[in-house]
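Colleague: File name entry14.pdb; file contents PDB, C-alpha atoms and all ligand atoms; full text below.
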ATOM      1  CA  MET A   1    -148.145  25.715  34.119
ATOM      2  CA  LEU A   2    -150.144  25.246  37.300
ATOM      3  CA  GLN A   3    -149.900  27.851  40.065
ATOM      4  CA  GLN A   4    -151.896  26.023  42.735
ATOM      5  CA  ILE A   5    -149.417  23.423  44.018
ATOM      6  CA  GLN A   6    -147.627  24.599  47.175
ATOM      7  CA  GLY A   7    -145.188  21.728  47.781
ATOM      8  CA  LEU A   8    -145.569  18.473  49.647
ATOM      9  CA  HIS A   9    -148.614  17.786  51.821
ATOM     10  CA  HIS A  10    -147.980  14.273  53.186
ATOM     11  CA  VAL A  11    -146.186  11.011  52.438
ATOM     12  CA  THR A  12    -148.131   7.796  53.036
ATOM     13  CA  SER A  13    -146.387   4.461  53.559
ATOM     14  CA  ILE A  14    -147.035   0.871  54.511
ATOM     15  CA  ALA A  15    -145.910  -0.520  57.853
ATOM     16  CA  SER A  16    -146.167  -3.844  59.620
ATOM     17  CA  ASP A  17    -146.598  -3.570  63.398
ATOM     18  CA  PRO A  18    -148.578  -0.459  64.489
ATOM     19  CA  GLN A  19    -147.002  -0.338  67.946
ATOM     20  CA  ARG A  20    -143.465  -0.345  66.558
ATOM     21  CA  ASN A  21    -144.452   2.255  63.987
ATOM     22  CA  ASN A  22    -145.968   4.515  66.665
ATOM     23  CA  HIS A  23    -142.942   4.083  68.929
ATOM     24  CA  PHE A  24    -140.485   5.017  66.203
ATOM     25  CA  PHE A  25    -142.203   8.221  65.120
ATOM     26  CA  THR A  26    -143.321   9.496  68.519
ATOM     27  CA  LYS A  27    -140.440   8.254  70.705
ATOM     28  CA  ALA A  28    -137.339   8.064  68.498
ATOM     29  CA  LEU A  29    -138.146  10.975  66.149
ATOM     30  CA  GLY A  30    -140.228  12.848  68.736
ATOM     31  CA  MET A  31    -142.936  13.708  66.209
ATOM     32  CA  ARG A  32    -146.532  14.267  67.254
ATOM     33  CA  ARG A  33    -149.179  11.729  66.404
ATOM     34  CA  VAL A  34    -151.788  14.109  65.046
ATOM     35  CA  LYS A  35    -154.473  11.549  64.183
ATOM     36  CA  LYS A  36    -155.332   7.973  65.038
ATOM     37  CA  THR A  37    -157.939   6.731  62.622
ATOM     38  CA  VAL A  38    -158.507   3.825  60.231
ATOM     39  CA  ASN A  39    -157.952   3.268  56.544
ATOM     40  CA  PHE A  40    -161.264   4.532  55.146
ATOM     41  CA  ASP A  41    -161.249   1.757  52.507
ATOM     42  CA  ARG A  42    -160.072  -0.951  54.968
ATOM     43  CA  PRO A  43    -161.387   0.065  58.421
ATOM     44  CA  ASP A  44    -159.838  -3.003  60.065
ATOM     45  CA  ILE A  45    -156.424  -1.349  59.497
ATOM     46  CA  TYR A  46    -155.200   1.776  61.311
ATOM     47  CA  HIS A  47    -154.284   4.980  59.562
ATOM     48  CA  LEU A  48    -151.737   6.773  61.756
ATOM     49  CA  TYR A  49    -150.630  10.345  61.070
ATOM     50  CA  TYR A  50    -147.492  11.957  62.507
ATOM     51  CA  GLY A  51    -146.301  15.518  62.034
ATOM     52  CA  ASP A  52    -145.438  18.793  63.698
ATOM     53  CA  GLY A  53    -147.415  20.255  66.595
ATOM     54  CA  ALA A  54    -150.195  21.625  64.423
ATOM     55  CA  GLY A  55    -150.253  18.788  61.907
ATOM     56  CA  SER A  56    -149.203  21.252  59.203
ATOM     57  CA  PRO A  57    -149.287  20.210  55.561
ATOM     58  CA  GLY A  58    -145.677  19.637  54.565
ATOM     59  CA  SER A  59    -144.840  17.864  57.834
ATOM     60  CA  ILE A  60    -147.085  14.783  57.752
ATOM     61  CA  VAL A  61    -146.069  11.153  57.366
ATOM     62  CA  THR A  62    -148.942   8.695  57.454
ATOM     63  CA  TYR A  63    -148.917   4.914  57.796
ATOM     64  CA  PHE A  64    -151.162   1.975  57.073
ATOM     65  CA  PRO A  65    -149.818  -0.722  59.417
ATOM     66  CA  PHE A  66    -150.688  -4.217  58.188
ATOM     67  CA  PRO A  67    -149.522  -6.554  60.967
ATOM     68  CA  ASN A  68    -147.224  -9.308  59.598
ATOM     69  CA  ARG A  69    -146.867  -7.632  56.206
ATOM     70  CA  THR A  70    -143.493  -8.561  54.719
ATOM     71  CA  GLN A  71    -141.029  -5.871  53.752
ATOM     72  CA  GLY A  72    -141.098  -4.421  50.263
ATOM     73  CA  SER A  73    -138.039  -4.505  48.086
ATOM     74  CA  PRO A  74    -136.728  -1.128  47.015
ATOM     75  CA  GLY A  75    -136.420  -0.282  43.355
ATOM     76  CA  THR A  76    -137.652   2.169  40.772
ATOM     77  CA  GLY A  77    -141.128   3.604  40.334
ATOM     78  CA  GLU A  78    -141.365   4.654  43.958
ATOM     79  CA  VAL A  79    -140.357   7.261  46.475
ATOM     80  CA  GLY A  80    -136.766   6.555  47.517
ATOM     81  CA  THR A  81    -135.897   8.698  50.520
ATOM     82  CA  THR A  82    -138.117  10.940  52.591
ATOM     83  CA  ALA A  83    -135.963  13.687  54.098
ATOM     84  CA  PHE A  84    -136.862  15.920  57.045
ATOM     85  CA  THR A  85    -135.436  19.320  57.919
ATOM     86  CA  ILE A  86    -133.639  19.666  61.238
ATOM     87  CA  PRO A  87    -132.180  22.849  62.767
ATOM     88  CA  ILE A  88    -128.625  23.885  61.866
ATOM     89  CA  GLY A  89    -126.156  22.259  64.254
ATOM     90  CA  SER A  90    -128.346  19.331  65.316
ATOM     91  CA  LEU A  91    -127.042  16.532  63.073
ATOM     92  CA  GLY A  92    -124.709  15.174  65.780
ATOM     93  CA  TYR A  93    -127.556  15.081  68.280
ATOM     94  CA  TRP A  94    -129.629  13.004  65.887
ATOM     95  CA  GLU A  95    -126.825  10.624  65.087
ATOM     96  CA  GLN A  96    -126.525   9.819  68.795
ATOM     97  CA  ARG A  97    -130.265   9.698  69.387
ATOM     98  CA  LEU A  98    -130.989   7.375  66.473
ATOM     99  CA  SER A  99    -128.228   5.051  67.556
ATOM    100  CA  ASP A 100    -129.648   5.083  71.132
ATOM    101  CA  PHE A 101    -132.959   3.952  69.613
ATOM    102  CA  ASN A 102    -131.199   1.270  67.539
ATOM    103  CA  ALA A 103    -132.320   2.753  64.237
ATOM    104  CA  PRO A 104    -130.073   1.500  61.413
ATOM    105  CA  ILE A 105    -127.869   4.439  60.417
ATOM    106  CA  LEU A 106    -126.815   4.298  56.786
ATOM    107  CA  GLY A 107    -124.242   7.038  57.178
ATOM    108  CA  LYS A 108    -123.644  10.681  56.465
ATOM    109  CA  THR A 109    -123.953  11.509  52.821
ATOM    110  CA  ASN A 110    -123.491  14.703  50.891
ATOM    111  CA  LEU A 111    -126.125  15.946  48.499
ATOM    112  CA  PHE A 112    -125.871  19.295  46.764
ATOM    113  CA  GLY A 113    -123.163  20.350  49.209
ATOM    114  CA  LYS A 114    -125.250  19.625  52.310
ATOM    115  CA  LYS A 115    -124.559  16.893  54.820
ATOM    116  CA  ARG A 116    -127.432  14.571  55.584
ATOM    117  CA  LEU A 117    -127.859  11.654  57.928
ATOM    118  CA  ALA A 118    -129.447   8.664  56.208
ATOM    119  CA  PHE A 119    -131.198   6.039  58.334
ATOM    120  CA  GLN A 120    -133.941   3.450  58.222
ATOM    121  CA  GLY A 121    -137.272   3.152  59.942
ATOM    122  CA  PRO A 122    -138.662   0.028  61.612
ATOM    123  CA  ASP A 123    -139.752  -1.595  58.333
ATOM    124  CA  GLY A 124    -136.628  -0.629  56.394
ATOM    125  CA  ASP A 125    -138.114   2.732  55.307
ATOM    126  CA  TYR A 126    -135.494   5.130  53.903
ATOM    127  CA  PHE A 127    -135.220   8.456  55.674
ATOM    128  CA  ALA A 128    -132.734  11.294  55.927
ATOM    129  CA  LEU A 129    -132.305  14.306  58.160
ATOM    130  CA  GLU A 130    -130.762  17.424  56.699
ATOM    131  CA  GLU A 131    -129.842  20.635  58.456
ATOM    132  CA  ALA A 132    -131.536  23.612  56.836
ATOM    133  CA  GLU A 133    -132.708  27.122  57.573
ATOM    134  CA  GLY A 134    -136.405  27.620  57.977
ATOM    135  CA  THR A 135    -138.529  25.162  59.775
ATOM    136  CA  THR A 136    -142.170  24.465  60.376
ATOM    137  CA  ALA A 137    -143.982  27.077  62.454
ATOM    138  CA  ASP A 138    -144.733  24.543  65.161
ATOM    139  CA  PRO A 139    -141.906  22.038  65.752
ATOM    140  CA  TRP A 140    -142.878  19.264  68.157
ATOM    141  CA  THR A 141    -140.545  18.385  71.002
ATOM    142  CA  GLY A 142    -141.884  14.958  71.816
ATOM    143  CA  ASN A 143    -140.130  12.544  74.180
ATOM    144  CA  GLY A 144    -137.365  14.915  75.203
ATOM    145  CA  VAL A 145    -136.245  16.154  71.777
ATOM    146  CA  PRO A 146    -134.922  19.677  72.431
ATOM    147  CA  TYR A 147    -136.535  22.561  70.571
ATOM    148  CA  LEU A 148    -133.213  23.296  68.852
ATOM    149  CA  ALA A 149    -133.192  19.804  67.319
ATOM    150  CA  ALA A 150    -136.900  19.244  66.622
ATOM    151  CA  ILE A 151    -137.860  17.991  63.180
ATOM    152  CA  GLY A 152    -139.189  20.867  61.128
ATOM    153  CA  GLY A 153    -141.285  19.185  58.449
ATOM    154  CA  PHE A 154    -140.195  17.731  55.126
ATOM    155  CA  HIS A 155    -137.003  18.772  53.431
ATOM    156  CA  SER A 156    -137.677  16.775  50.250
ATOM    157  CA  VAL A 157    -138.614  13.422  48.813
ATOM    158  CA  SER A 158    -136.696  11.593  46.133
ATOM    159  CA  LEU A 159    -138.406   9.745  43.289
ATOM    160  CA  ARG A 160    -136.435   6.757  41.951
ATOM    161  CA  LEU A 161    -137.172   6.325  38.263
ATOM    162  CA  GLN A 162    -135.951   4.256  35.333
ATOM    163  CA  LYS A 163    -136.770   7.085  32.932
ATOM    164  CA  GLN A 164    -137.164  10.630  34.050
ATOM    165  CA  ARG A 165    -138.239  12.614  30.988
ATOM    166  CA  ALA A 166    -142.053  12.395  31.294
ATOM    167  CA  THR A 167    -141.920  12.953  35.056
ATOM    168  CA  ILE A 168    -139.822  16.083  34.507
ATOM    169  CA  GLU A 169    -142.512  17.342  32.115
ATOM    170  CA  LEU A 170    -145.157  16.612  34.735
ATOM    171  CA  LEU A 171    -143.263  18.335  37.572
ATOM    172  CA  LYS A 172    -142.729  21.396  35.377
ATOM    173  CA  PHE A 173    -146.430  21.393  34.547
ATOM    174  CA  MET A 174    -147.152  21.244  38.287
ATOM    175  CA  GLY A 175    -144.994  24.346  38.830
ATOM    176  CA  TYR A 176    -141.590  22.868  39.713
ATOM    177  CA  GLN A 177    -138.301  24.019  38.194
ATOM    178  CA  CYS A 178    -135.000  22.178  38.009
ATOM    179  CA  ILE A 179    -132.578  24.063  40.266
ATOM    180  CA  ALA A 180    -129.561  21.720  40.420
ATOM    181  CA  LYS A 181    -128.044  18.480  39.130
ATOM    182  CA  GLU A 182    -125.556  16.186  40.808
ATOM    183  CA  GLY A 183    -124.666  12.796  39.341
ATOM    184  CA  SER A 184    -127.908  10.934  38.679
ATOM    185  CA  VAL A 185    -129.984  13.316  40.830
ATOM    186  CA  GLN A 186    -131.885  16.364  39.603
ATOM    187  CA  ARG A 187    -133.401  18.691  42.178
ATOM    188  CA  PHE A 188    -136.714  20.442  41.536
ATOM    189  CA  ALA A 189    -138.182  23.272  43.582
ATOM    190  CA  ILE A 190    -141.448  25.128  43.609
ATOM    191  CA  GLU A 191    -141.320  28.881  44.046
ATOM    192  CA  ASN A 192    -143.450  30.578  46.698
ATOM    193  CA  GLY A 193    -144.493  27.199  48.027
ATOM    194  CA  ASN A 194    -144.658  25.897  51.561
ATOM    195  CA  ARG A 195    -141.369  24.880  53.201
ATOM    196  CA  ALA A 196    -141.612  21.335  51.820
ATOM    197  CA  ASN A 197    -140.838  22.524  48.333
ATOM    198  CA  LEU A 198    -138.134  20.154  47.027
ATOM    199  CA  ILE A 199    -138.288  16.977  44.925
ATOM    200  CA  ASP A 200    -135.179  15.035  43.885
ATOM    201  CA  LEU A 201    -135.355  12.809  40.809
ATOM    202  CA  GLU A 202    -132.932   9.881  40.861
ATOM    203  CA  THR A 203    -132.544   8.298  37.449
ATOM    204  CA  LEU A 204    -131.596   4.615  37.708
ATOM    205  CA  PRO A 205    -132.177   3.034  34.276
ATOM    206  CA  ALA A 206    -130.783  -0.389  35.226
ATOM    207  CA  VAL A 207    -132.644  -0.804  38.528
ATOM    208  CA  ALA A 208    -135.703  -3.086  38.601
ATOM    209  CA  GLU A 209    -139.118  -1.915  39.700
ATOM    210  CA  ALA A 210    -139.809  -1.860  43.426
ATOM    211  CA  GLN A 211    -142.037  -4.478  45.028
ATOM    212  CA  GLN A 212    -144.378  -2.768  47.450
ATOM    213  CA  GLY A 213    -144.530  -3.995  51.034
ATOM    214  CA  ALA A 214    -143.903  -2.812  54.586
ATOM    215  CA  GLY A 215    -141.477   0.104  54.511
ATOM    216  CA  SER A 216    -142.554   1.194  51.021
ATOM    217  CA  VAL A 217    -144.071   4.569  50.321
ATOM    218  CA  HIS A 218    -147.587   4.107  48.962
ATOM    219  CA  HIS A 219    -148.046   7.613  47.581
ATOM    220  CA  VAL A 220    -146.829  11.174  47.867
ATOM    221  CA  ALA A 221    -149.321  14.008  48.271
ATOM    222  CA  PHE A 222    -148.923  17.602  47.085
ATOM    223  CA  ALA A 223    -150.665  20.491  48.831
ATOM    224  CA  VAL A 224    -153.238  22.893  47.408
ATOM    225  CA  GLU A 225    -155.033  25.510  49.468
ATOM    226  CA  ASP A 226    -158.656  24.488  49.013
ATOM    227  CA  GLU A 227    -161.211  22.619  46.957
ATOM    228  CA  ALA A 228    -161.419  25.325  44.290
ATOM    229  CA  ALA A 229    -157.672  25.038  43.644
ATOM    230  CA  GLN A 230    -157.970  21.252  43.650
ATOM    231  CA  LYS A 231    -160.714  21.345  40.994
ATOM    232  CA  GLU A 232    -158.498  23.523  38.779
ATOM    233  CA  VAL A 233    -155.607  21.069  39.161
ATOM    234  CA  GLN A 234    -157.900  18.104  38.503
ATOM    235  CA  SER A 235    -159.251  19.518  35.260
ATOM    236  CA  ALA A 236    -155.838  20.735  34.050
ATOM    237  CA  LEU A 237    -154.351  17.268  34.620
ATOM    238  CA  LYS A 238    -157.291  15.633  32.843
ATOM    239  CA  ASP A 239    -156.845  18.020  29.889
ATOM    240  CA  THR A 240    -153.204  16.952  29.731
ATOM    241  CA  GLY A 241    -154.253  13.302  29.466
ATOM    242  CA  TYR A 242    -153.859  12.088  33.040
ATOM    243  CA  GLN A 243    -156.456   9.762  34.505
ATOM    244  CA  VAL A 244    -157.372  11.516  37.702
ATOM    245  CA  THR A 245    -159.766  10.121  40.317
ATOM    246  CA  LYS A 246    -162.851  11.905  41.549
ATOM    247  CA  VAL A 247    -162.519  14.003  44.697
ATOM    248  CA  MET A 248    -162.431  11.800  47.792
ATOM    249  CA  ASP A 249    -163.277  13.037  51.259
ATOM    250  CA  ARG A 250    -160.537  12.013  53.690
ATOM    251  CA  ASP A 251    -162.174  14.013  56.533
ATOM    252  CA  TYR A 252    -158.998  16.048  57.226
ATOM    253  CA  PHE A 253    -158.466  16.989  53.559
ATOM    254  CA  LYS A 254    -159.981  16.273  50.159
ATOM    255  CA  SER A 255    -157.931  14.132  47.789
ATOM    256  CA  ILE A 256    -157.499  13.333  44.125
ATOM    257  CA  TYR A 257    -155.027  10.726  42.863
ATOM    258  CA  PHE A 258    -153.237   9.985  39.621
ATOM    259  CA  ARG A 259    -150.320   7.775  38.533
ATOM    260  CA  SER A 260    -147.219   9.727  37.507
ATOM    261  CA  PRO A 261    -145.383   8.506  34.373
ATOM    262  CA  GLY A 262    -142.490   7.025  36.368
ATOM    263  CA  GLY A 263    -144.909   4.833  38.344
ATOM    264  CA  VAL A 264    -145.205   6.800  41.589
ATOM    265  CA  LEU A 265    -148.767   7.409  42.790
ATOM    266  CA  PHE A 266    -149.381  11.148  43.247
ATOM    267  CA  GLU A 267    -152.135  12.732  45.294
ATOM    268  CA  VAL A 268    -153.234  16.346  45.448
ATOM    269  CA  ALA A 269    -154.658  17.157  48.899
ATOM    270  CA  THR A 270    -156.258  20.302  50.288
ATOM    271  CA  ASN A 271    -154.795  22.133  53.296
ATOM    272  CA  ALA A 272    -158.291  22.564  54.686
ATOM    273  CA  PRO A 273    -159.969  21.514  56.941
ATOM    274  CA  GLY A 274    -156.954  19.949  58.716
ATOM    275  CA  PHE A 275    -156.579  17.766  61.781
ATOM    276  CA  GLY A 276    -158.337  20.200  64.130
ATOM    277  CA  ARG A 277    -161.600  19.317  62.429
ATOM    278  CA  ASP A 278    -162.669  16.803  65.071
ATOM    279  CA  GLU A 279    -160.223  17.269  67.978
ATOM    280  CA  GLN A 280    -159.070  20.208  70.107
ATOM    281  CA  PRO A 281    -155.445  21.307  69.516
ATOM    282  CA  ASP A 282    -154.273  19.797  72.818
ATOM    283  CA  ASP A 283    -155.956  16.459  72.100
ATOM    284  CA  LEU A 284    -154.779  15.785  68.543
ATOM    285  CA  GLY A 285    -154.157  12.121  67.875
ATOM    286  CA  LEU A 286    -155.187  10.811  71.282
ATOM    287  CA  ALA A 287    -158.582   9.206  70.612
ATOM    288  CA  LEU A 288    -159.526   6.713  67.903
ATOM    289  CA  LYS A 289    -161.398   8.821  65.356
ATOM    290  CA  LEU A 290    -163.635   7.124  62.811
ATOM    291  CA  PRO A 291    -165.214   8.625  59.715
ATOM    292  CA  LYS A 292    -168.980   8.770  59.977
ATOM    293  CA  GLN A 293    -169.450   5.909  57.488
ATOM    294  CA  HIS A 294    -167.528   3.597  59.865
ATOM    295  CA  GLU A 295    -168.742   4.944  63.213
ATOM    296  CA  HIS A 296    -171.192   2.026  63.508
ATOM    297  CA  LEU A 297    -168.155  -0.321  63.585
ATOM    298  CA  ARG A 298    -166.599   1.407  66.609
ATOM    299  CA  SER A 299    -167.125  -1.251  69.293
ATOM    300  CA  GLN A 300    -166.017  -4.001  66.912
ATOM    301  CA  LEU A 301    -162.900  -2.057  65.804
ATOM    302  CA  GLU A 302    -161.950  -1.153  69.374
ATOM    303  CA  GLN A 303    -161.842  -4.893  70.034
ATOM    304  CA  SER A 304    -160.071  -5.964  66.861
ATOM    305  CA  LEU A 305    -157.474  -3.214  66.321
ATOM    306  CA  GLN A 306    -154.228  -3.935  68.147
ATOM    307  CA  PRO A 307    -154.018  -1.484  71.084
ATOM    308  CA  ILE A 308    -151.291   1.155  70.738
ATOM    309  CA  ILE A 309    -149.531   2.000  73.995
ATOM    310  CA  ASP A 310    -148.083   5.514  73.976
TER
HETATM  311 ZN    ZN B 401    -152.658  10.435  50.968
END
Could you write out this structure as structure tokens?
Modeller:
Amino acid sequence: MLQQIQGLHHVTSIASDPQRNNHFFTKALGMRRVKKTVNFDRPDIYHLYYGDGAGSPGSIVTYFPFPNRTQGSPGTGEVGTTAFTIPIGSLGYWEQRLSDFNAPILGKTNLFGKKRLAFQGPDGDYFALEEAEGTTADPWTGNGVPYLAAIGGFHSVSLRLQKQRATIELLKFMGYQCIAKEGSVQRFAIENGNRANLIDLETLPAVAEAQQGAGSVHHVAFAVEDEAAQKEVQSALKDTGYQVTKVMDRDYFKSIYFRSPGGVLFEVATNAPGFGRDEQPDDLGLALKLPKQHEHLRSQLEQSLQPIID
């Protein structure tokens, strides 16, 4: 069993309009945009990162906004709900705030004895807020969100699967243990991880595969400390029969990717060097940052990328 995985690192999804995406995360949810860059493989498309004040692993949602992209249709083989932790006692505040921002509220649900508020993002993305102890070290109070309600990083993600057995084997190999079951949901946790240490498996044998589009999660990334730990994970996964990519430099972390048996694309990303690599702490996310291989495209991209008004 691997010891290197610390929990979630980031969740990357597809969006349509970048302005609407930016508005939702920074204005409605009050998260911090911690990086404005481009998709390294498609530099004509933004890559927007939102998280806590420090851009901590375990708090980061990232988006590739493809203008005019049609919505995906939910199903199996994908991440179902991305849930964030909020401080105890703040659920009512969020219910009011999300309704003020016209976010579709799907209702209050109960999972493992805890109340959560389920809602949708601008492209039909599935989110939930759940009150929990322990929060990120640096909650961001953007756009008037009070400190005592600020989003404190990920609570969990759910994986919607037709068959769960091989994914359970994989999660156990990665260091997760099943800690609870309720109906069709099994909850897995990693011990001594970061705060984003929960994964819920939803088994839905009769549900068709998802069609990816705007609002769909593209991949879920797990955190490891550094490149040495990542190499160990890469070779252990290869030895187990997984086809794992080479290490890719994403400037703010190094990444490897592999397809999990249930169809969800997994990434393993390093905590280092982080979003402070090319911006001062006070300036995170403000300027358009380009990787050095695309820097020569700057004037062209500044013309062609849709401006984002904060
Ligand atoms: Zn990623």
Colleague: Give one line per residue of range 136-245 of chain A that approaches range 84-103 of chain A to at most 6 Å, naming the two atoms of the closest pair and their distance in Å to one decimal, counting all atoms listed in the file; sort by chain then ascending residue number and deliver it as CSV.
Modeller:
residue,atom,partner,partner_atom,distance
A:Ala149,CA,A:Ser90,CA,5.3
A:Ile151,CA,A:Ile86,CA,4.9
A:Gly152,CA,A:Thr85,CA,5.2
A:Gly153,CA,A:Phe84,CA,5.7
A:Phe154,CA,A:Phe84,CA,4.3
A:His155,CA,A:Phe84,CA,4.6
Colleague: When the PyMOL selection byres (((not hetatm)) within 7 of (chain B and resi 401)) is applied to the file above, which residues end up in the set, as JSON, numbers by chain?
Modeller: {"A": [10, 11, 12, 219, 220, 221, 267]}
Colleague: Work out how far apart CA of Arg250 in chain A and CA of Leu290 in chain A are and give it in Å to one decimal.
Modeller: 10.8 Å
Colleague: Counting only C-alpha atoms, which residues have an atom no more than 10 Å from (-162.8, 11.1, 53.1) in the file's coordinates? Please list them as number ranges by chain.
Modeller: A: 39-41, 247-255, 291-293
Colleague: Run through the PyMOL selection byres (((chain A and resi 177) around 8) and not hetatm) on the given coordinates and return the selected residues as a PyMOL selection string.
Modeller: chain A and resi 171-172+175-176+178-179+188-190
Colleague: Okay, now the selection with C-alpha atoms, as a short mmCIF file (atom, residue, chain, number, x, y, z; two decimals), in the frame of the given file?
Modeller:
data_model
loop_
_atom_site.label_atom_id
_atom_site.label_comp_id
_atom_site.auth_asym_id
_atom_site.auth_seq_id
_atom_site.Cartn_x
_atom_site.Cartn_y
_atom_site.Cartn_z
CA LEU A 171 -143.26 18.34 37.57
CA LYS A 172 -142.73 21.40 35.38
CA GLY A 175 -144.99 24.35 38.83
CA TYR A 176 -141.59 22.87 39.71
CA CYS A 178 -135.00 22.18 38.01
CA ILE A 179 -132.58 24.06 40.27
CA PHE A 188 -136.71 20.44 41.54
CA ALA A 189 -138.18 23.27 43.58
CA ILE A 190 -141.45 25.13 43.61
#
Colleague: Sort by chain and increasing residue number a table of all residues of range 1-111 of chain A within 6 Å of range 198-213 of chain A, each with its closest pair of atoms and their distance in Å to one decimal, counting all atoms listed in the file, and write it as a Markdown table.
Modeller:
| residue | atom | partner | partner_atom | distance |
| --- | --- | --- | --- | --- |
| A:Thr70 | CA | A:Gly213 | CA | 6.0 |
| A:Gln71 | CA | A:Gly213 | CA | 4.8 |
| A:Gly72 | CA | A:Gly213 | CA | 3.5 |
| A:Ser73 | CA | A:Gln211 | CA | 5.0 |
| A:Pro74 | CA | A:Ala210 | CA | 4.8 |
| A:Gly75 | CA | A:Ala210 | CA | 3.7 |
| A:Thr76 | CA | A:Glu209 | CA | 4.5 |
| A:Gly77 | CA | A:Glu209 | CA | 5.9 |
Colleague: Might you spell out which residues the PyMOL selection byres (((chain A and resi 22-37) around 8) and not hetatm) would select in the displayed file, as a ChimeraX atom specification?
Modeller: /A:18-21,38-39,46-55,97-98,101,121-122,140-145,150-151,275,284-290,308,310
Colleague: Please save C-alpha atoms of the selected residues as a JSON list (two decimals), in the coordinates of the input.
Modeller:
[["chain", "number", "residue", "atom", "x", "y", "z"],
["A", 18, "PRO", "CA", -148.58, -0.46, 64.49],
["A", 19, "GLN", "CA", -147.00, -0.34, 67.95],
["A", 20, "ARG", "CA", -143.46, -0.34, 66.56],
["A", 21, "ASN", "CA", -144.45, 2.26, 63.99],
["A", 38, "VAL", "CA", -158.51, 3.82, 60.23],
["A", 39, "ASN", "CA", -157.95, 3.27, 56.54],
["A", 46, "TYR", "CA", -155.20, 1.78, 61.31],
["A", 47, "HIS", "CA", -154.28, 4.98, 59.56],
["A", 48, "LEU", "CA", -151.74, 6.77, 61.76],
["A", 49, "TYR", "CA", -150.63, 10.34, 61.07],
["A", 50, "TYR", "CA", -147.49, 11.96, 62.51],
["A", 51, "GLY", "CA", -146.30, 15.52, 62.03],
["A", 52, "ASP", "CA", -145.44, 18.79, 63.70],
["A", 53, "GLY", "CA", -147.42, 20.26, 66.60],
["A", 54, "ALA", "CA", -150.20, 21.62, 64.42],
["A", 55, "GLY", "CA", -150.25, 18.79, 61.91],
["A", 97, "ARG", "CA", -130.26, 9.70, 69.39],
["A", 98, "LEU", "CA", -130.99, 7.38, 66.47],
["A", 101, "PHE", "CA", -132.96, 3.95, 69.61],
["A", 121, "GLY", "CA", -137.27, 3.15, 59.94],
["A", 122, "PRO", "CA", -138.66, 0.03, 61.61],
["A", 140, "TRP", "CA", -142.88, 19.26, 68.16],
["A", 141, "THR", "CA", -140.54, 18.39, 71.00],
["A", 142, "GLY", "CA", -141.88, 14.96, 71.82],
["A", 143, "ASN", "CA", -140.13, 12.54, 74.18],
["A", 144, "GLY", "CA", -137.36, 14.92, 75.20],
["A", 145, "VAL", "CA", -136.24, 16.15, 71.78],
["A", 150, "ALA", "CA", -136.90, 19.24, 66.62],
["A", 151, "ILE", "CA", -137.86, 17.99, 63.18],
["A", 275, "PHE", "CA", -156.58, 17.77, 61.78],
["A", 284, "LEU", "CA", -154.78, 15.78, 68.54],
["A", 285, "GLY", "CA", -154.16, 12.12, 67.88],
["A", 286, "LEU", "CA", -155.19, 10.81, 71.28],
["A", 287, "ALA", "CA", -158.58, 9.21, 70.61],
["A", 288, "LEU", "CA", -159.53, 6.71, 67.90],
["A", 289, "LYS", "CA", -161.40, 8.82, 65.36],
["A", 290, "LEU", "CA", -163.64, 7.12, 62.81],
["A", 308, "ILE", "CA", -151.29, 1.16, 70.74],
["A", 310, "ASP", "CA", -148.08, 5.51, 73.98]]
Colleague: I'd like to know which of A:Arg160, A:Phe112, A:Val264, A:Thr81 is closest to Leu129 in chain A, using all atoms listed in the file.
Modeller: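 Result for the nearest residue to Leu129 in chain A: A:Thr81.
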Colleague: Would you compute the distance between CA of Val217 in chain A and CA of Gly7 in chain A? Give it in Å to one decimal.
Modeller: 17.4 Å
Colleague: Between A:Thr135, A:Ser235, A:Thr109, A:Ser216, which has the minimum distance to Ala15 in chain A (counting all atoms listed in the file)?
Modeller: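 Of A:Thr135, A:Ser235, A:Thr109, A:Ser216, the one nearest Ala15 in chain A, counting all atoms listed in the file, is A:Ser216.
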Colleague: Could you state the separation of CA of Phe66 in chain A and CA of Leu305 in chain A in Å, given to one decimal place?
Modeller: 10.6 Å
Colleague: Write out as an mmCIF file with C-alpha atoms, in the frame of the given file which residues come within 9 Å of Gln6 in chain A when counting only C-alpha atoms, dropping same-chain ones fewer than 3 positions away.
Modeller:
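Here's the written file result.cif:
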data_model
loop_
_atom_site.group_PDB
_atom_site.id
_atom_site.type_symbol
_atom_site.label_atom_id
_atom_site.label_comp_id
_atom_site.auth_asym_id
_atom_site.auth_seq_id
_atom_site.Cartn_x
_atom_site.Cartn_y
_atom_site.Cartn_z
ATOM 1 C CA GLN A 3 -149.900 27.851 40.065
ATOM 2 C CA HIS A 9 -148.614 17.786 51.821
ATOM 3 C CA GLY A 175 -144.994 24.346 38.830
ATOM 4 C CA ILE A 190 -141.448 25.128 43.609
ATOM 5 C CA GLU A 191 -141.320 28.881 44.046
ATOM 6 C CA ASN A 192 -143.450 30.578 46.698
ATOM 7 C CA GLY A 193 -144.493 27.199 48.027
ATOM 8 C CA ASN A 194 -144.658 25.897 51.561
ATOM 9 C CA ARG A 195 -141.369 24.880 53.201
ATOM 10 C CA ALA A 196 -141.612 21.335 51.820
ATOM 11 C CA ASN A 197 -140.838 22.524 48.333
ATOM 12 C CA PHE A 222 -148.923 17.602 47.085
ATOM 13 C CA ALA A 223 -150.665 20.491 48.831
ATOM 14 C CA VAL A 224 -153.238 22.893 47.408
ATOM 15 C CA GLU A 225 -155.033 25.510 49.468
#
Colleague: Under the rule that all atoms listed in the file are counted, which of A:Gly58, A:Pro67, A:Pro307, A:Gly107 is the nearest residue to Asp138 in chain A?
Modeller: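 For Asp138 in chain A, the nearest of the candidates is A:Gly58.
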Colleague: Hey, which of A:Leu161, A:Leu237, A:Ile14, A:Ala228 ends up closest to Arg69 in chain A? Count all atoms listed in the file.
Modeller: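 So, comparing all the options, the nearest one is A:Ile14.
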